[in-house]
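Trainee: Quick one: this structure, given as structure tokens, is what I'll be asking you about.
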Amino acid sequence: MTAEKSGTTGRRSGAETRADGTGAKNPPDDAAGAGPGSGSPDERASGADSSGEDDTAGTVTSAGKAKRTRKARRTGAAKAAGAASTADKTSTADKAGAGTDKAEAGTEAGTEAEARDRADAAKKDGDAAEKNDAAKQDGTGDDEPADPWSAFGPAPEPVLGRPRRAVRAVGRFLVHEWTLAVVAALALAAAMTWPTLRYPRHTLPQDYWDPSLQAWQMAWSGHILRTNPAQLWHSNTFYPENWSFAFSDTLLGYAPAGLIGVGPEHAVLRYNIMFVLAHALAAFGAYALARQLGAGRIGGAVAGASFAYAPWLLAQAGHLHIISNGGIPLALAMLARGHGWSLRYGYRPRRRHAGWAFAGWLVAAWQLSLGFGIGLPFAYMLAGVVLVSVVLWFVRRRKVKRPFGRRLFLADVLGGLVFAAVGAALAVPYFKVAELHPNAERTIGDIGLYSPPASGFFTAPAESRVWGGLHEGARAVLPWHPEMTLLPGFVLYALAAGGLFFSVWRVRHRIFLLAGVLVTMALAMGTRFFGGRFTYVPLFDYLPGWSGLRTPGRMMLWTTLLLGLLAAGAVTAFCIRVRELAAERVPPWPGPWLRLATLLPLALVLVEGLNATPQPVVPRQPAALRTVDGPMLVLPSSQNLDQPVMLWSTDRFQPMVNGGSGFTPRSQARIREATVSFPDYASVDYLRQIGVKNVVVLRDELEGTPWEGMLDRPVDALGVAREQVGEAVVFRL
């Protein structure tokens, strides 16, 4: 009877609300014990507790109890709201029934606040009863004690402070694919170019002629940007000529590095560091391009390694402007990423990003600033891509009115204008040089001297550790083997050939890549491919600036990149197949060995790229070069001898007649001819007329040159002061 009354009271009290609309239930009229089953407050409370427990456990057999339980579950949260306070309207019906009995037992307190407190306590008892009900239904309610921590809420998520958030962000950055790719490219570059960094202040890779010139170029650009940027193109060499900085490729993009350090040792150190970084950027750029086009990580690594460490590039170790080619694939990767385009997945508009496209144009402009030797073909290639894209859009404009979106269109326009502006600004000095020095212009006959035969594509340079000695006989029959040994790697040839038949690229894309390989090979042969009438000669005749490129074999750079992409497609398909085979085995053995086999192509490509490049010691700077003022002339003078002299001038950059470049200015040739008889009246008078104040004679370099024996000639009647400064003799005019 107690339980029945409690259930009835729960229904009645749960349905009633206060007149003020607060939703709290009014104390029942029979709370004092009127009606059947009434008793003491303790008995009623005990009855309510037992009623609630029996209902939740499902063991009550009385029909009244079952009826009350079913009706209480149907009314749900509405009855719970009547039994509890305003904030607890969402309690379950079972909890409300138990809570009502508790509240009824305490109605004699007479105050609304006390009723609310008792209702809250009743609610907690109802929660415990519900948990006990679930435990009993599982058969564990009587055997296992309730979790004492269940009265507490779940532990809140920890709030990370700024230091911990920073640590977590740094950790994510360090394990990101591109971070690991950069680190791997740097480590690989240091290893593959070793021993360049063994004595980086005193040695240069391959020889100390062209590298000395390029070390001076970086030093000059940094020096003049600090002191007088307006005189950038009028360097301290080739006095009295103007625009002398444009006599060869300038490596102007490395000018920020030239701002650090002064003097020959710092110039040599700077060159060696940039030499290693150029290899790292080439590998990373080709990796990024292959990944953007859809290759896997190992396939991208093969493309990067083959592009940066192709055997033919070992012959170019003394030409930093050729080694510095990583901006080409990196810019292409950024442009493809910005336009949402991939060779494997096609055009994906949702992956467009105007920022990446604009950054790609900036990288392309920076690459162009390193020199037109490889930058000019790159510029024409980009112009061709833009032209083809415009034509395709014009043809399909009715179907696709805005294929790229406004922001991407603006990024392309602005980026293209920046690229064109940089190219035009850099071209002005070279056109000026061509105007002032007609002998600097190349002829088709000059191109023929440097055009390699087809055998050059299978001949490695002497600097190749693997093939150098074996190909000595093949190099002997080449007219100018440093520019004609164009082997990109037999492993690369094999992987690319396999990529024609087994690849993740579509068949039409493989055909396009193969066509690009064949076209660039034909261009690299210059006039050796049917006289160049249909390949190189039209470019030489009609494209502005192309006539300044004397070595067509450097087009092999594009051949290597395309072969690397073909190889990346084959290696990626191979890796996918290996994963499938490993997954099919039960147990998956020998899965790890199969996956390790996917690294074999990368290892073979790297082995073929091992170098045997000499590292000669740079001649020590004469003390006279640190004290003698300009304008000056250093004797003996020649193309090769003048390049270290340029490096020695990086302490003070005093004006000097000496200088080495791709051509010899007529004024420099006249000075050399006039000073063969130095010191005599005619030579001294000529030097005074052009403004030369001092002549520095390097005693140890005279033997075997036209100036041999000049130190034995008298100078008493010439009005010339002669002074010994270290190992050099200085004539002050």
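Numbering starts fresh at 1 for the residues of each chain in the structure tokens, the chains themselves are lettered A, B, ... in the order given, and ligands are numbered from 1 as they appear.
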Can you tell me which residues surround Val695 in chain A at a distance of at most 10 Å, considering only C-alpha atoms, apart from same-chain residues fewer than 5 positions away, and format the answer as a PDB file with all heavy atoms, in the first residue's frame?
Mentor:
```pdb
ATOM      1  N   VAL A 628      97.196  47.495 -53.173  1.00  0.00           N
ATOM      2  CA  VAL A 628      97.364  48.326 -54.363  1.00  0.00           C
ATOM      3  C   VAL A 628      96.014  48.877 -54.808  1.00  0.00           C
ATOM      4  O   VAL A 628      95.016  48.156 -54.834  1.00  0.00           O
ATOM      5  CB  VAL A 628      98.022  47.518 -55.495  1.00  0.00           C
ATOM      6  CG1 VAL A 628      98.118  48.348 -56.769  1.00  0.00           C
ATOM      7  CG2 VAL A 628      99.399  47.045 -55.069  1.00  0.00           C
ATOM      8  N   ASP A 629      96.027  50.152 -55.162  1.00  0.00           N
ATOM      9  CA  ASP A 629      94.811  50.802 -55.628  1.00  0.00           C
ATOM     10  C   ASP A 629      94.628  50.594 -57.124  1.00  0.00           C
ATOM     11  O   ASP A 629      95.559  50.275 -57.866  1.00  0.00           O
ATOM     12  CB  ASP A 629      94.864  52.308 -55.327  1.00  0.00           C
ATOM     13  CG  ASP A 629      94.886  52.599 -53.833  1.00  0.00           C
ATOM     14  OD1 ASP A 629      94.280  51.816 -53.079  1.00  0.00           O
ATOM     15  OD2 ASP A 629      95.512  53.601 -53.425  1.00  0.00           O
ATOM     16  N   GLY A 630      93.421  50.827 -57.565  1.00  0.00           N
ATOM     17  CA  GLY A 630      93.121  50.762 -58.985  1.00  0.00           C
ATOM     18  C   GLY A 630      92.959  52.154 -59.566  1.00  0.00           C
ATOM     19  O   GLY A 630      93.043  53.152 -58.832  1.00  0.00           O
ATOM     20  N   PRO A 631      92.748  52.229 -60.854  1.00  0.00           N
ATOM     21  CA  PRO A 631      92.706  51.128 -61.815  1.00  0.00           C
ATOM     22  C   PRO A 631      94.060  50.440 -61.949  1.00  0.00           C
ATOM     23  O   PRO A 631      95.102  51.095 -61.914  1.00  0.00           O
ATOM     24  CB  PRO A 631      92.293  51.793 -63.114  1.00  0.00           C
ATOM     25  CG  PRO A 631      91.640  53.087 -62.694  1.00  0.00           C
ATOM     26  CD  PRO A 631      92.367  53.518 -61.483  1.00  0.00           C
ATOM     27  N   MET A 632      94.027  49.141 -62.101  1.00  0.00           N
ATOM     28  CA  MET A 632      95.240  48.355 -62.096  1.00  0.00           C
ATOM     29  C   MET A 632      95.173  47.264 -63.160  1.00  0.00           C
ATOM     30  O   MET A 632      94.109  46.934 -63.693  1.00  0.00           O
ATOM     31  CB  MET A 632      95.453  47.713 -60.717  1.00  0.00           C
ATOM     32  CG  MET A 632      94.321  46.781 -60.306  1.00  0.00           C
ATOM     33  SD  MET A 632      94.463  46.168 -58.614  1.00  0.00           S
ATOM     34  CE  MET A 632      95.890  45.148 -58.766  1.00  0.00           C
ATOM     35  N   LEU A 633      96.334  46.720 -63.470  1.00  0.00           N
ATOM     36  CA  LEU A 633      96.462  45.599 -64.399  1.00  0.00           C
ATOM     37  C   LEU A 633      97.327  44.548 -63.736  1.00  0.00           C
ATOM     38  O   LEU A 633      98.399  44.865 -63.209  1.00  0.00           O
ATOM     39  CB  LEU A 633      97.096  46.048 -65.714  1.00  0.00           C
ATOM     40  CG  LEU A 633      97.529  44.936 -66.677  1.00  0.00           C
ATOM     41  CD1 LEU A 633      96.323  44.154 -67.186  1.00  0.00           C
ATOM     42  CD2 LEU A 633      98.338  45.512 -67.831  1.00  0.00           C
ATOM     43  N   VAL A 634      96.879  43.313 -63.743  1.00  0.00           N
ATOM     44  CA  VAL A 634      97.636  42.197 -63.183  1.00  0.00           C
ATOM     45  C   VAL A 634      98.153  41.368 -64.345  1.00  0.00           C
ATOM     46  O   VAL A 634      97.394  40.949 -65.215  1.00  0.00           O
ATOM     47  CB  VAL A 634      96.769  41.346 -62.243  1.00  0.00           C
ATOM     48  CG1 VAL A 634      97.569  40.171 -61.694  1.00  0.00           C
ATOM     49  CG2 VAL A 634      96.218  42.190 -61.095  1.00  0.00           C
ATOM     50  N   LEU A 635      99.460  41.173 -64.377  1.00  0.00           N
ATOM     51  CA  LEU A 635     100.117  40.382 -65.418  1.00  0.00           C
ATOM     52  C   LEU A 635     100.756  39.146 -64.795  1.00  0.00           C
ATOM     53  O   LEU A 635     101.243  39.216 -63.652  1.00  0.00           O
ATOM     54  CB  LEU A 635     101.175  41.227 -66.135  1.00  0.00           C
ATOM     55  CG  LEU A 635     100.657  42.413 -66.946  1.00  0.00           C
ATOM     56  CD1 LEU A 635     101.822  43.209 -67.526  1.00  0.00           C
ATOM     57  CD2 LEU A 635      99.724  41.950 -68.057  1.00  0.00           C
ATOM     58  N   MET A 656      89.987  47.033 -62.268  1.00  0.00           N
ATOM     59  CA  MET A 656      91.108  46.337 -62.875  1.00  0.00           C
ATOM     60  C   MET A 656      90.768  45.970 -64.314  1.00  0.00           C
ATOM     61  O   MET A 656      89.605  45.768 -64.669  1.00  0.00           O
ATOM     62  CB  MET A 656      91.459  45.074 -62.077  1.00  0.00           C
ATOM     63  CG  MET A 656      90.315  44.081 -61.933  1.00  0.00           C
ATOM     64  SD  MET A 656      90.826  42.534 -61.151  1.00  0.00           S
ATOM     65  CE  MET A 656      91.507  43.160 -59.617  1.00  0.00           C
ATOM     66  N   VAL A 657      91.802  45.896 -65.116  1.00  0.00           N
ATOM     67  CA  VAL A 657      91.626  45.509 -66.513  1.00  0.00           C
ATOM     68  C   VAL A 657      91.251  44.046 -66.623  1.00  0.00           C
ATOM     69  O   VAL A 657      90.530  43.641 -67.542  1.00  0.00           O
ATOM     70  CB  VAL A 657      92.919  45.809 -67.301  1.00  0.00           C
ATOM     71  CG1 VAL A 657      92.810  45.302 -68.742  1.00  0.00           C
ATOM     72  CG2 VAL A 657      93.234  47.293 -67.273  1.00  0.00           C
ATOM     73  N   PHE A 678     105.866  45.189 -71.950  1.00  0.00           N
ATOM     74  CA  PHE A 678     105.988  45.951 -70.704  1.00  0.00           C
ATOM     75  C   PHE A 678     107.159  45.420 -69.864  1.00  0.00           C
ATOM     76  O   PHE A 678     107.374  44.190 -69.806  1.00  0.00           O
ATOM     77  CB  PHE A 678     104.681  45.826 -69.920  1.00  0.00           C
ATOM     78  CG  PHE A 678     104.622  46.643 -68.672  1.00  0.00           C
ATOM     79  CD1 PHE A 678     104.194  47.951 -68.705  1.00  0.00           C
ATOM     80  CD2 PHE A 678     105.014  46.106 -67.441  1.00  0.00           C
ATOM     81  CE1 PHE A 678     104.143  48.710 -67.535  1.00  0.00           C
ATOM     82  CE2 PHE A 678     104.965  46.856 -66.282  1.00  0.00           C
ATOM     83  CZ  PHE A 678     104.520  48.163 -66.330  1.00  0.00           C
ATOM     84  N   PRO A 679     107.944  46.350 -69.229  1.00  0.00           N
ATOM     85  CA  PRO A 679     107.789  47.808 -69.253  1.00  0.00           C
ATOM     86  C   PRO A 679     108.657  48.456 -70.343  1.00  0.00           C
ATOM     87  O   PRO A 679     109.867  48.262 -70.357  1.00  0.00           O
ATOM     88  CB  PRO A 679     108.263  48.205 -67.864  1.00  0.00           C
ATOM     89  CG  PRO A 679     109.292  47.188 -67.509  1.00  0.00           C
ATOM     90  CD  PRO A 679     108.897  45.908 -68.205  1.00  0.00           C
ATOM     91  N   VAL A 684     103.852  51.700 -71.362  1.00  0.00           N
ATOM     92  CA  VAL A 684     103.582  52.563 -70.208  1.00  0.00           C
ATOM     93  C   VAL A 684     102.716  53.742 -70.624  1.00  0.00           C
ATOM     94  O   VAL A 684     101.761  54.128 -69.925  1.00  0.00           O
ATOM     95  CB  VAL A 684     104.900  53.035 -69.567  1.00  0.00           C
ATOM     96  CG1 VAL A 684     104.633  54.110 -68.523  1.00  0.00           C
ATOM     97  CG2 VAL A 684     105.643  51.867 -68.947  1.00  0.00           C
ATOM     98  N   LEU A 687      99.080  52.618 -71.189  1.00  0.00           N
ATOM     99  CA  LEU A 687      98.374  52.366 -69.935  1.00  0.00           C
ATOM    100  C   LEU A 687      98.013  53.670 -69.234  1.00  0.00           C
ATOM    101  O   LEU A 687      96.927  53.789 -68.643  1.00  0.00           O
ATOM    102  CB  LEU A 687      99.220  51.484 -69.019  1.00  0.00           C
ATOM    103  CG  LEU A 687      99.430  50.037 -69.495  1.00  0.00           C
ATOM    104  CD1 LEU A 687     100.364  49.303 -68.552  1.00  0.00           C
ATOM    105  CD2 LEU A 687      98.103  49.288 -69.591  1.00  0.00           C
ATOM    106  N   ARG A 722     109.239  50.981 -59.087  1.00  0.00           N
ATOM    107  CA  ARG A 722     109.127  49.526 -58.977  1.00  0.00           C
ATOM    108  C   ARG A 722     109.287  49.130 -57.524  1.00  0.00           C
ATOM    109  O   ARG A 722     110.221  49.580 -56.849  1.00  0.00           O
ATOM    110  CB  ARG A 722     110.183  48.858 -59.853  1.00  0.00           C
ATOM    111  CG  ARG A 722     110.239  47.351 -59.721  1.00  0.00           C
ATOM    112  CD  ARG A 722     111.179  46.768 -60.745  1.00  0.00           C
ATOM    113  NE  ARG A 722     111.425  45.347 -60.521  1.00  0.00           N
ATOM    114  CZ  ARG A 722     112.045  44.542 -61.370  1.00  0.00           C
ATOM    115  NH1 ARG A 722     112.512  45.033 -62.518  1.00  0.00           N
ATOM    116  NH2 ARG A 722     112.228  43.265 -61.093  1.00  0.00           N
ATOM    117  N   VAL A 729     105.547  41.921 -57.873  1.00  0.00           N
ATOM    118  CA  VAL A 729     106.263  43.163 -58.154  1.00  0.00           C
ATOM    119  C   VAL A 729     105.245  44.180 -58.635  1.00  0.00           C
ATOM    120  O   VAL A 729     104.458  43.895 -59.561  1.00  0.00           O
ATOM    121  CB  VAL A 729     107.357  42.957 -59.217  1.00  0.00           C
ATOM    122  CG1 VAL A 729     108.056  44.264 -59.528  1.00  0.00           C
ATOM    123  CG2 VAL A 729     108.364  41.907 -58.743  1.00  0.00           C
ATOM    124  N   VAL A 730     105.264  45.373 -58.022  1.00  0.00           N
ATOM    125  CA  VAL A 730     104.289  46.412 -58.335  1.00  0.00           C
ATOM    126  C   VAL A 730     104.999  47.550 -59.054  1.00  0.00           C
ATOM    127  O   VAL A 730     106.002  48.085 -58.564  1.00  0.00           O
ATOM    128  CB  VAL A 730     103.601  46.937 -57.059  1.00  0.00           C
ATOM    129  CG1 VAL A 730     102.619  48.049 -57.407  1.00  0.00           C
ATOM    130  CG2 VAL A 730     102.894  45.806 -56.332  1.00  0.00           C
ATOM    131  N   PHE A 731     104.477  47.904 -60.229  1.00  0.00           N
ATOM    132  CA  PHE A 731     104.957  49.051 -60.998  1.00  0.00           C
ATOM    133  C   PHE A 731     103.929  50.168 -60.848  1.00  0.00           C
ATOM    134  O   PHE A 731     102.761  50.016 -61.256  1.00  0.00           O
ATOM    135  CB  PHE A 731     105.119  48.687 -62.481  1.00  0.00           C
ATOM    136  CG  PHE A 731     106.194  47.682 -62.745  1.00  0.00           C
ATOM    137  CD1 PHE A 731     105.934  46.325 -62.655  1.00  0.00           C
ATOM    138  CD2 PHE A 731     107.487  48.096 -63.084  1.00  0.00           C
ATOM    139  CE1 PHE A 731     106.924  45.392 -62.905  1.00  0.00           C
ATOM    140  CE2 PHE A 731     108.484  47.162 -63.331  1.00  0.00           C
ATOM    141  CZ  PHE A 731     108.208  45.809 -63.243  1.00  0.00           C
ATOM    142  N   ARG A 732     104.374  51.277 -60.276  1.00  0.00           N
ATOM    143  CA  ARG A 732     103.481  52.414 -60.074  1.00  0.00           C
ATOM    144  C   ARG A 732     103.730  53.418 -61.196  1.00  0.00           C
ATOM    145  O   ARG A 732     104.798  54.007 -61.294  1.00  0.00           O
ATOM    146  CB  ARG A 732     103.708  53.043 -58.707  1.00  0.00           C
ATOM    147  CG  ARG A 732     103.540  52.024 -57.565  1.00  0.00           C
ATOM    148  CD  ARG A 732     103.557  52.676 -56.206  1.00  0.00           C
ATOM    149  NE  ARG A 732     103.509  51.677 -55.138  1.00  0.00           N
ATOM    150  CZ  ARG A 732     102.403  51.134 -54.644  1.00  0.00           C
ATOM    151  NH1 ARG A 732     101.234  51.496 -55.160  1.00  0.00           N
ATOM    152  NH2 ARG A 732     102.449  50.244 -53.668  1.00  0.00           N
ATOM    153  N   LEU A 733     102.733  53.606 -62.027  1.00  0.00           N
ATOM    154  CA  LEU A 733     102.858  54.450 -63.207  1.00  0.00           C
ATOM    155  C   LEU A 733     102.619  55.921 -62.902  1.00  0.00           C
ATOM    156  O   LEU A 733     102.838  56.756 -63.770  1.00  0.00           O
ATOM    157  CB  LEU A 733     101.882  53.986 -64.296  1.00  0.00           C
ATOM    158  CG  LEU A 733     101.927  52.493 -64.664  1.00  0.00           C
ATOM    159  CD1 LEU A 733     100.984  52.222 -65.807  1.00  0.00           C
ATOM    160  CD2 LEU A 733     103.340  52.078 -65.015  1.00  0.00           C
TER     161      LEU A 733
END
```
Trainee: Can you list every residue of range 192-285 of chain A that has an atom at most 8 Å from range 605-621 of chain A, with its nearest atom pair and the distance in Å to one decimal, using only C-alpha atoms, ordered by chain then number, as CSV?
Mentor:
```
residue,atom,partner,partner_atom,distance
A:Met192,CA,A:Leu610,CA,6.3
A:Thr193,CA,A:Asn611,CA,7.2
A:Pro195,CA,A:Gln615,CA,7.5
A:Thr196,CA,A:Gln615,CA,7.0
A:His202,CA,A:Val617,CA,5.6
A:Thr203,CA,A:Val617,CA,4.3
A:Leu204,CA,A:Gln615,CA,5.4
A:Pro205,CA,A:Gln615,CA,4.7
A:Gln206,CA,A:Pro614,CA,4.9
A:Asp207,CA,A:Pro616,CA,5.9
A:Tyr208,CA,A:Val618,CA,6.0
A:Pro264,CA,A:Gln621,CA,7.5
```
Trainee: Looking only at strand (DSSP E or B) from DSSP on the backbone, list the matching residues of range 261-489 of chain A as a list of chain:residue names.
Mentor: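 The residues of range 261-489 of chain A classed as strand (DSSP E or B) are A:Trp341, A:Ser342, A:Gly346, A:Tyr347, A:Ser464.
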Trainee: Report as a short mmCIF file (atom, residue, chain, number, x, y, z; two decimals) with N, CA, C and O atoms, in the first residue's frame all protein, DNA and RNA residues lying within 9 Å of Ser677 in chain A, evaluated on only C-alpha atoms, omitting residues in the same chain fewer than 5 positions from it.
Mentor:
```cif
data_model
loop_
_atom_site.label_atom_id
_atom_site.label_comp_id
_atom_site.auth_asym_id
_atom_site.auth_seq_id
_atom_site.Cartn_x
_atom_site.Cartn_y
_atom_site.Cartn_z
N ALA A 682 106.22 52.59 -74.94
CA ALA A 682 104.92 52.50 -75.61
C ALA A 682 103.86 51.90 -74.70
O ALA A 682 102.73 52.41 -74.60
N SER A 683 104.19 50.84 -74.02
CA SER A 683 103.20 50.20 -73.16
C SER A 683 102.85 51.07 -71.96
O SER A 683 101.67 51.17 -71.58
N PRO A 706 103.59 35.07 -72.64
CA PRO A 706 104.26 36.12 -73.43
C PRO A 706 104.99 37.14 -72.59
O PRO A 706 105.84 37.88 -73.11
N TRP A 707 104.71 37.21 -71.31
CA TRP A 707 105.34 38.21 -70.45
C TRP A 707 106.57 37.66 -69.72
O TRP A 707 107.14 38.33 -68.88
N MET A 710 109.92 39.78 -68.38
CA MET A 710 109.65 41.21 -68.30
C MET A 710 110.31 41.85 -67.07
O MET A 710 110.62 43.05 -67.09
#
```
Trainee: Please identify every residue of range 257-317 of chain A that has at least one atom no farther than 9 Å from an atom of range 554-567 of chain A, counting only C-alpha atoms, and for each give the shortest atom pair and the distance in Å to one decimal, arranged by chain then increasing number, as JSON lines.
Mentor:
```
{"residue": "A:Ala286", "atom": "CA", "partner": "A:Leu561", "partner_atom": "CA", "distance": 7.5}
{"residue": "A:Leu289", "atom": "CA", "partner": "A:Leu565", "partner_atom": "CA", "distance": 8.7}
{"residue": "A:Ala290", "atom": "CA", "partner": "A:Leu565", "partner_atom": "CA", "distance": 6.3}
{"residue": "A:Leu293", "atom": "CA", "partner": "A:Leu565", "partner_atom": "CA", "distance": 8.9}
{"residue": "A:Ala295", "atom": "CA", "partner": "A:Leu565", "partner_atom": "CA", "distance": 8.4}
{"residue": "A:Gly299", "atom": "CA", "partner": "A:Ala567", "partner_atom": "CA", "distance": 7.2}
{"residue": "A:Gly300", "atom": "CA", "partner": "A:Leu565", "partner_atom": "CA", "distance": 8.1}
{"residue": "A:Val302", "atom": "CA", "partner": "A:Gly564", "partner_atom": "CA", "distance": 7.0}
{"residue": "A:Ala303", "atom": "CA", "partner": "A:Gly564", "partner_atom": "CA", "distance": 4.3}
{"residue": "A:Gly304", "atom": "CA", "partner": "A:Gly564", "partner_atom": "CA", "distance": 7.5}
{"residue": "A:Ala305", "atom": "CA", "partner": "A:Gly564", "partner_atom": "CA", "distance": 8.6}
{"residue": "A:Ser306", "atom": "CA", "partner": "A:Gly564", "partner_atom": "CA", "distance": 6.1}
{"residue": "A:Phe307", "atom": "CA", "partner": "A:Leu561", "partner_atom": "CA", "distance": 5.7}
{"residue": "A:Ala310", "atom": "CA", "partner": "A:Thr560", "partner_atom": "CA", "distance": 7.6}
{"residue": "A:Trp312", "atom": "CA", "partner": "A:Met556", "partner_atom": "CA", "distance": 8.6}
{"residue": "A:Leu313", "atom": "CA", "partner": "A:Leu557", "partner_atom": "CA", "distance": 8.6}
```
Trainee: Sort by chain and increasing residue number a table of all residues of range 361-383 of chain A within 12 Å of range 405-416 of chain A, each with its closest pair of atoms and their distance in Å to one decimal, counting only C-alpha atoms, and write it as a Markdown table.
Mentor:
```
| residue | atom | partner | partner_atom | distance |
| --- | --- | --- | --- | --- |
| A:Trp361 | CA | A:Gly415 | CA | 5.0 |
| A:Leu362 | CA | A:Gly415 | CA | 6.6 |
| A:Val363 | CA | A:Gly415 | CA | 9.8 |
| A:Ala364 | CA | A:Gly415 | CA | 9.4 |
| A:Ala365 | CA | A:Gly415 | CA | 8.9 |
| A:Trp366 | CA | A:Gly415 | CA | 11.9 |
| A:Ala379 | CA | A:Gly416 | CA | 10.7 |
| A:Leu382 | CA | A:Gly416 | CA | 9.5 |
| A:Ala383 | CA | A:Gly416 | CA | 9.4 |
```
Trainee: Rounded to one decimal, what separation in Å do you get between CA of Gly704 in chain A and CA of Gln639 in chain A?
Mentor: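 So the two atoms, CA of Gly704 in chain A and CA of Gln639 in chain A, lie 15.1 Å apart.
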Trainee: For CA of Val385 in chain A and CA of Leu332 in chain A, quote the distance in Å rounded to one decimal.
Mentor: 10.8 Å
Trainee: From a DSSP calculation on the backbone, collect every residue of range 366-574 of chain A in alpha helix (DSSP H) and output the set as a VMD selection string.
Mentor: chain A and resid 366 to 369 372 to 395 406 to 436 444 to 449 472 to 476 490 to 499 507 to 524 536 to 542 556 to 574
Trainee: Looking at only C-alpha atoms, which of A:Ala189, A:Val697, A:Leu213, A:Ala308 is the one that sits closest to Ile273 in chain A?
Mentor: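 For Ile273 in chain A, the nearest of the given residues is A:Ala189.
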Trainee: Give me, please, the distance in Å between CA of Ile322 in chain A and CA of Leu370 in chain A, quoted to one decimal.
Mentor: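 Between these atoms lies a distance of 9.1 Å.
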Trainee: Taking 5 positions as the minimum chain separation for residues in the same chain, which residues sit within 7 Å of range 658-668 of chain A when counting only C-alpha atoms? Answer as an MDAnalysis selection string.
Mentor: chainID A and resid 237:238 247:248 437 440 633:634 637 639:640 642:643 646
Trainee: Near Asn325 in chain A, within 8 Å and counting only C-alpha atoms, which residues show up once chain neighbours fewer than 6 positions away are dropped, as a list in words?
Mentor: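 Surrounding residues, per the criterion: Ala278, Leu281, Ala282, Gln367 and Ile374 of chain A.
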Trainee: Output the selection as a PDB file, in the first residue's frame - N, CA and C atoms for each residue.
Mentor:
```
ATOM      1  N   ALA A 278      72.402  24.229 -54.036  1.00  0.00           N
ATOM      2  CA  ALA A 278      71.813  24.124 -55.375  1.00  0.00           C
ATOM      3  C   ALA A 278      71.434  22.685 -55.686  1.00  0.00           C
ATOM      4  N   LEU A 281      68.271  21.905 -53.653  1.00  0.00           N
ATOM      5  CA  LEU A 281      67.072  22.500 -54.224  1.00  0.00           C
ATOM      6  C   LEU A 281      66.640  21.766 -55.486  1.00  0.00           C
ATOM      7  N   ALA A 282      67.584  21.323 -56.297  1.00  0.00           N
ATOM      8  CA  ALA A 282      67.233  20.572 -57.504  1.00  0.00           C
ATOM      9  C   ALA A 282      66.509  19.275 -57.148  1.00  0.00           C
ATOM     10  N   GLN A 367      64.483  32.097 -60.534  1.00  0.00           N
ATOM     11  CA  GLN A 367      65.290  31.193 -61.348  1.00  0.00           C
ATOM     12  C   GLN A 367      65.852  31.922 -62.566  1.00  0.00           C
ATOM     13  N   ILE A 374      70.152  28.707 -68.709  1.00  0.00           N
ATOM     14  CA  ILE A 374      69.044  27.753 -68.614  1.00  0.00           C
ATOM     15  C   ILE A 374      67.724  28.489 -68.364  1.00  0.00           C
TER      16      ILE A 374
END
```
Trainee: What's the 12 Å shell around Val477 in chain A, counting only C-alpha atoms, without same-chain residues fewer than 5 positions away, as a list in words?
Mentor: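 Listing them by chain and then by number gives Pro452, Pro453, Ser455, Gly456, Thr459, His471, Glu472, Met484 and Thr485 of chain A.
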Trainee: Go ahead and save the residues from that selection, with C-alpha atoms, as a compact mmCIF listing (two decimals), in the first residue's frame.
Mentor:
```txt
# COMPACT_ATOMS: atom_id res chain seq x y z
CA PRO A 452 77.19 16.71 -79.42
CA PRO A 453 76.62 13.58 -81.50
CA SER A 455 76.77 8.89 -78.84
CA GLY A 456 77.05 11.65 -76.24
CA THR A 459 78.81 8.69 -72.61
CA HIS A 471 83.99 5.66 -70.99
CA GLU A 472 87.43 7.16 -71.48
CA MET A 484 79.14 16.54 -75.00
CA THR A 485 79.07 13.81 -72.35
```
Trainee: In terms of the shortest atom-to-atom distance over only C-alpha atoms, which of A:Asp210, A:Leu180, A:Pro429, A:His319 is closest to Gln231 in chain A?
Mentor: A:Pro429
